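Asks: Structure file work04.tsv (TSV, C-alpha atoms) right here:
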```tsv
chain	number	residue	atom	x	y	z
A	1	MET	CA	105.49	120.18	239.79
A	2	PHE	CA	102.49	120.83	237.54
A	3	ALA	CA	101.50	117.16	237.43
A	4	VAL	CA	101.67	116.85	241.22
A	5	LEU	CA	99.47	119.93	241.77
A	6	ALA	CA	96.98	118.83	239.09
A	7	ALA	CA	96.74	115.36	240.68
A	8	LYS	CA	96.22	116.89	244.15
A	9	PHE	CA	93.54	119.22	242.82
A	10	LYS	CA	91.77	116.40	240.98
A	11	SER	CA	91.86	114.17	244.09
A	12	ILE	CA	90.24	116.86	246.23
A	13	LEU	CA	87.65	117.64	243.59
A	14	GLY	CA	86.78	114.00	242.98
A	15	GLN	CA	83.84	113.48	240.62
A	16	ALA	CA	82.16	116.78	241.51
A	17	SER	CA	81.52	119.33	238.79
A	18	ILE	CA	80.77	122.02	241.38
A	19	LEU	CA	83.07	122.79	244.27
A	20	GLU	CA	81.99	124.90	247.24
A	21	ALA	CA	84.91	127.08	248.33
A	22	THR	CA	85.42	130.18	250.46
A	23	THR	CA	88.15	132.44	251.77
A	24	ASP	CA	86.25	132.96	255.04
A	25	ARG	CA	87.52	130.69	257.83
A	26	VAL	CA	84.28	130.96	259.83
A	27	VAL	CA	82.17	129.79	256.89
A	28	ALA	CA	84.59	126.92	256.17
A	29	SER	CA	84.57	125.75	259.80
A	30	ASN	CA	80.75	125.66	259.88
A	31	ARG	CA	80.35	123.73	256.61
A	32	SER	CA	82.06	120.38	256.29
A	33	ASN	CA	81.82	120.23	252.47
A	34	THR	CA	83.29	123.72	251.94
A	35	HIS	CA	86.98	124.05	251.11
A	36	LEU	CA	88.99	126.94	252.55
A	37	LEU	CA	91.02	128.75	249.90
A	38	ASP	CA	94.03	129.97	251.85
A	39	LEU	CA	97.70	129.80	250.88
A	40	SER	CA	98.05	126.28	252.28
A	41	SER	CA	95.18	124.98	250.12
A	42	PRO	CA	96.28	122.70	247.25
A	43	LYS	CA	93.72	124.43	245.01
A	44	THR	CA	95.18	127.87	245.74
A	45	GLN	CA	98.70	126.54	245.23
A	46	TYR	CA	97.59	125.06	241.91
A	47	PHE	CA	96.13	128.38	240.70
A	48	ILE	CA	99.19	130.34	241.85
A	49	GLY	CA	101.42	127.78	240.15
A	50	GLN	CA	99.50	128.21	236.91
A	51	ALA	CA	99.61	132.01	237.06
A	52	THR	CA	103.34	132.11	237.83
A	53	ASP	CA	104.35	129.41	235.34
A	54	TYR	CA	107.05	130.52	232.93
A	55	ASP	CA	104.97	129.40	229.93
A	56	PHE	CA	101.89	131.33	231.06
A	57	GLY	CA	103.06	134.45	229.27
A	58	GLY	CA	100.33	136.63	230.73
A	59	LEU	CA	97.79	135.37	228.20
A	60	SER	CA	94.45	134.63	229.76
A	61	ALA	CA	91.98	135.08	226.93
A	62	VAL	CA	92.96	132.04	224.88
A	63	ILE	CA	93.20	128.40	225.92
A	64	ASN	CA	95.09	126.12	223.53
A	65	SER	CA	93.73	122.68	224.35
A	66	ALA	CA	95.46	119.43	223.45
A	67	GLN	CA	92.11	117.61	223.64
A	68	SER	CA	89.20	118.34	221.37
A	69	THR	CA	86.33	119.40	223.63
A	70	GLY	CA	84.17	121.02	221.00
A	71	HIS	CA	84.00	124.20	223.08
A	72	THR	CA	84.75	127.46	221.29
A	73	GLU	CA	84.45	129.74	224.34
A	74	ILE	CA	84.52	129.20	228.10
A	75	ASN	CA	83.10	131.67	230.61
A	76	THR	CA	83.31	131.65	234.39
A	77	SER	CA	80.75	133.64	236.33
A	78	ILE	CA	79.64	134.16	239.90
A	79	MET	CA	75.87	133.88	240.21
A	80	LYS	CA	73.89	135.14	243.17
A	81	TRP	CA	70.36	134.40	244.33
A	82	GLN	CA	68.42	136.37	246.94
A	83	ASP	CA	65.48	135.80	249.26
A	84	LEU	CA	62.28	137.87	249.43
A	85	GLN	CA	64.00	140.50	251.62
A	86	GLY	CA	66.87	140.97	249.15
A	87	ASN	CA	69.49	139.10	251.21
A	88	ILE	CA	71.99	137.10	249.16
A	89	ILE	CA	71.27	133.47	250.05
A	90	LYS	CA	73.27	131.52	247.48
A	91	LYS	CA	76.42	132.18	245.48
A	92	GLN	CA	77.79	129.83	242.86
A	93	LEU	CA	80.80	129.90	240.57
A	94	CYS	CA	79.67	128.51	237.22
A	95	ILE	CA	81.63	127.41	234.18
A	96	CYS	CA	79.73	128.06	230.97
A	97	CYS	CA	80.95	126.32	227.81
A	98	ARG	CA	79.81	127.47	224.38
A	99	SER	CA	80.04	125.28	221.29
A	100	GLU	CA	78.38	125.09	217.90
A	101	ASP	CA	75.68	122.95	219.58
A	102	GLY	CA	74.79	125.64	222.12
A	103	VAL	CA	75.64	126.80	225.62
A	104	LYS	CA	75.96	124.48	228.62
A	105	VAL	CA	76.42	125.62	232.22
A	106	ASN	CA	78.58	123.38	234.44
A	107	PRO	CA	78.88	120.52	231.94
A	108	LYS	CA	80.55	117.32	233.11
A	109	GLY	CA	84.33	117.61	232.70
A	110	ALA	CA	84.32	121.41	232.42
A	111	LEU	CA	87.15	121.73	234.94
A	112	ASP	CA	89.36	119.44	232.84
A	113	ASN	CA	90.19	122.40	230.58
A	114	PHE	CA	91.83	124.08	233.55
A	115	LEU	CA	93.63	120.96	234.82
A	116	GLN	CA	95.60	120.23	231.65
A	117	LYS	CA	98.91	121.77	230.76
A	118	PRO	CA	98.06	124.20	227.96
A	119	LEU	CA	99.96	124.13	224.71
A	120	PRO	CA	101.92	127.20	223.60
A	121	ILE	CA	99.71	129.81	222.02
A	122	ASP	CA	100.37	131.15	218.55
A	123	SER	CA	100.58	134.90	219.11
A	124	SER	CA	99.51	135.54	215.52
A	125	LEU	CA	95.92	134.42	216.15
A	126	PRO	CA	93.47	136.67	214.30
A	127	SER	CA	91.21	138.84	216.42
A	128	PRO	CA	87.54	137.87	216.20
A	129	ASN	CA	85.26	140.43	214.64
A	130	ARG	CA	83.04	142.64	216.77
A	131	GLU	CA	79.74	141.10	215.64
A	132	HIS	CA	80.96	137.58	216.48
A	133	CYS	CA	81.95	138.73	219.98
A	134	LYS	CA	78.54	140.34	220.52
A	135	GLN	CA	76.82	137.13	219.42
A	136	VAL	CA	78.98	135.01	221.76
A	137	ILE	CA	78.25	137.30	224.72
A	138	ALA	CA	74.51	137.28	223.99
A	139	GLU	CA	74.42	133.46	223.75
A	140	ILE	CA	76.40	132.97	226.97
A	141	ASP	CA	74.28	135.57	228.78
A	142	LEU	CA	71.09	133.81	227.68
A	143	GLY	CA	72.45	130.43	228.83
A	144	LEU	CA	73.40	131.84	232.24
A	145	SER	CA	69.98	133.50	232.62
A	146	GLU	CA	68.22	130.22	231.82
A	147	TYR	CA	70.40	128.39	234.37
A	148	MET	CA	69.52	130.97	237.03
A	149	ALA	CA	65.81	130.66	236.24
A	150	ILE	CA	65.93	126.85	236.46
A	151	ASN	CA	67.65	127.04	239.86
A	152	SER	CA	65.20	129.59	241.27
A	153	ASN	CA	61.93	129.17	243.07
A	154	ARG	CA	59.45	131.49	244.74
A	155	TYR	CA	61.73	131.94	247.77
A	156	LEU	CA	65.06	131.99	245.89
A	157	MET	CA	65.19	134.63	243.16
A	158	PRO	CA	68.00	135.57	240.78
A	159	SER	CA	70.03	138.53	242.01
A	160	ASP	CA	72.90	139.04	239.56
A	161	VAL	CA	75.58	137.45	237.42
A	162	ASN	CA	79.16	138.70	237.60
A	163	TRP	CA	81.35	137.55	234.75
A	164	VAL	CA	84.83	136.61	235.97
A	165	ASN	CA	86.30	135.92	232.54
A	166	VAL	CA	85.68	134.57	229.09
A	167	ALA	CA	88.24	132.76	226.96
A	168	THR	CA	88.43	131.50	223.41
A	169	VAL	CA	89.38	127.83	223.10
A	170	THR	CA	91.61	126.85	220.23
A	171	GLN	CA	92.30	123.25	219.31
A	172	ALA	CA	95.80	121.89	218.79
A	173	GLU	CA	96.90	121.50	215.19
A	174	ALA	CA	97.31	117.85	214.19
```
Starting from the file, give its structure as structure tokens.

Replies:
Amino acid sequence: MFAVLAAKFKSILGQASILEATTDRVVASNRSNTHLLDLSSPKTQYFIGQATDYDFGGLSAVINSAQSTGHTEINTSIMKWQDLQGNIIKKQLCICCRSEDGVKVNPKGALDNFLQKPLPIDSSLPSPNREHCKQVIAEIDLGLSEYMAINSNRYLMPSDVNWVNVATVTQAEA
């Protein structure tokens, strides 16, 4: 079941690293490249399948990846830009990947972490220290702010960034 849903999701996504999606039927009907996220959507079925999988275990803050991506943390955020009158003009779901080399927003292949069957997670993982967590948050926040600034102009100004989640990525033991 997982492989079928992952293949369906990957076929809809194609080579895109950004997917425009909505839960509003009116918006989806007026935009041909926007996918409607309702219960019949393969993407929604994929996410529900992942969340209700027996092996999920309710853990959402750690991803145990079989492939070495080099990422140590992954953050998803919803970014909003506004016009001169303060109306929200653009919203974008961004995947921010942090590694020892720095922070990258929407890197190529970022969705692959979510399309692979995760390995079981060792529940005895040590908790990161508070200072490390503060540093990670500051680096990701700076990377997201820079991305917003790059994608802004004099008519499209940053409004806000809402963090959806952040997860630590562990690599499989060889």

Asks: Put the listed atoms of region 141-151 of chain A in a box along x, y and z with 3 Å added on every side and give me the centre and edge lengths in Å to one decimal, as lines of an AutoDock Vina configuration file.

Replies:
```
center_x = 70.0
center_y = 131.2
center_z = 233.8
size_x = 14.5
size_y = 14.7
size_z = 18.2
```

Asks: What is the CA of Ile78 (chain A) to CA of Tyr155 (chain A) distance in Å?

Replies: 19.7 Å

Asks: Calculated over all atoms listed in the file, which of the candidates A:Gln85, A:Ser11, A:Thr69, A:Asn30 has the smallest distance to Gly109 (chain A)?

Replies: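 Using all atoms listed in the file, the shortest distance to Gly109 (chain A) belongs to A:Thr69.
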
Asks: Which distance in Å separates CA of Cys94 (chain A) and CA of Asn106 (chain A), to one decimal?

Replies: 5.9 Å

Asks: If you measure from CA of Val161 (chain A) to CA of Gly102 (chain A), what distance in Å do you get, rounded to one decimal?

Replies: 19.3 Å

Asks: With all atoms listed in the file as the basis for distance, which of A:Val136, A:Val105, A:Val27, A:Leu84 is at the shortest distance from Asn153 (chain A)?

Replies: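 Smallest separation from Asn153 (chain A) among the options: A:Leu84.
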